[in-house]
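Student: Have a look at this one before I ask anything.
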Amino acid sequence: MIGASWQLHKAEFARLKVRYVLIGGHAVNLYSDPRFTDDMDFLVHGDDLEKAGRPLLEMGYRVAQRTTHFTQYEGPLQVQGIVDIQHGSRKYGTEMIKRSRWFRFPETNVRIPVVGPEDLIGLKIVAIA
């Protein structure tokens, strides 16, 4: 599952110049003691949503759910898991992408843009409201 996200980042998101940040549980894990999470969550700039979805579909993922603010992709194999893309179409979302910080994941040595801790808290508050 995590391997698929690195493949997206290195081979596709960067090549396609998708503006995005890692959010959700994997982002939280970079700021605190790791906790279990079984999906990957990204915030993608509203103008790059189609570019971000294309490689997922090519890798065999399917759109499981889509709203005006969110798209969920399910992998063809359970090990590939779920990729959630929050649509960064509003000013606040694009600002979070601009404020991202780069982290290197120890187990893969891959650098990836990650939302800041203040924005993570804000995203969680919005999610439960």
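Following the order of the structure tokens, first chain is A, next is B, and so on, with residues numbered from 1 inside each chain and ligands from 1 in the order they appear.
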Residues at most 10 Å from A:His69, counting only C-alpha atoms, excluding those fewer than 2 positions away in the same chain, as a ChimeraX atom specification?
Tutor: /A:46,66-67,71,85-90
Student: Output as an MDAnalysis selection string all residues of stretch 60-110 of chain A that backbone DSSP marks as strand (DSSP E).
Tutor: chainID A and resid 62:66 70:74 82:88 101:105 110
Student: With C-alpha atoms retained, could you export that selection as an mmCIF file, in the first residue's frame?
Tutor:
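As a result, again_8.cif now contains:
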data_model
loop_
_atom_site.group_PDB
_atom_site.id
_atom_site.type_symbol
_atom_site.label_atom_id
_atom_site.label_comp_id
_atom_site.auth_asym_id
_atom_site.auth_seq_id
_atom_site.Cartn_x
_atom_site.Cartn_y
_atom_site.Cartn_z
ATOM 1 C CA ARG A 62 -11.408 2.631 -9.441
ATOM 2 C CA VAL A 63 -13.412 5.583 -8.208
ATOM 3 C CA ALA A 64 -15.366 4.260 -5.228
ATOM 4 C CA GLN A 65 -16.863 7.577 -4.170
ATOM 5 C CA ARG A 66 -16.832 11.151 -5.485
ATOM 6 C CA PHE A 70 -13.464 14.462 -2.146
ATOM 7 C CA THR A 71 -12.647 11.453 -4.357
ATOM 8 C CA GLN A 72 -11.907 7.981 -2.995
ATOM 9 C CA TYR A 73 -10.033 5.417 -5.090
ATOM 10 C CA GLU A 74 -9.925 1.695 -4.283
ATOM 11 C CA ILE A 82 -7.521 3.101 -0.598
ATOM 12 C CA VAL A 83 -6.295 6.499 -1.746
ATOM 13 C CA ASP A 84 -8.389 9.469 -0.644
ATOM 14 C CA ILE A 85 -7.995 12.749 -2.480
ATOM 15 C CA GLN A 86 -9.408 15.862 -0.925
ATOM 16 C CA HIS A 87 -10.081 18.530 -3.521
ATOM 17 C CA GLY A 88 -8.086 21.676 -2.793
ATOM 18 C CA ARG A 101 6.878 20.911 4.438
ATOM 19 C CA TRP A 102 9.076 18.255 2.885
ATOM 20 C CA PHE A 103 9.717 15.072 4.865
ATOM 21 C CA ARG A 104 11.814 12.028 4.116
ATOM 22 C CA PHE A 105 10.108 8.766 5.013
ATOM 23 C CA VAL A 110 11.422 9.216 -0.341
#
Student: Run DSSP on the backbone and tell me which residues of chain A come out as helix (DSSP H, G or I); list them as a PyMOL selection string.
Tutor: chain A and resi 2-13+25-31+46-58+78-80+91-98+117-128
Student: For A:Leu49, which residue out of A:Pro76, A:Lys17, A:Asp33, A:Gly25 is the nearest one, using only C-alpha atoms?
Tutor: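 Of A:Pro76, A:Lys17, A:Asp33, A:Gly25, the one nearest A:Leu49 is A:Lys17, counting only C-alpha atoms.
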Student: Could you state the separation of atom CA of A:Arg99 and atom CA of A:Lys51 in Å, given to one decimal place?
Tutor: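 About the pair atom CA of A:Arg99 and atom CA of A:Lys51: they are 21.1 Å apart.
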Student: Which residues are near A:Thr37? Cut-off 10 Å, only C-alpha atoms, ignore same chain within fewer than 5 positions. Put them as a list in words.
Tutor: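 In the requested format, the answer is Gly24, Gly25, His26, Val28 and Asn29 of chain A.
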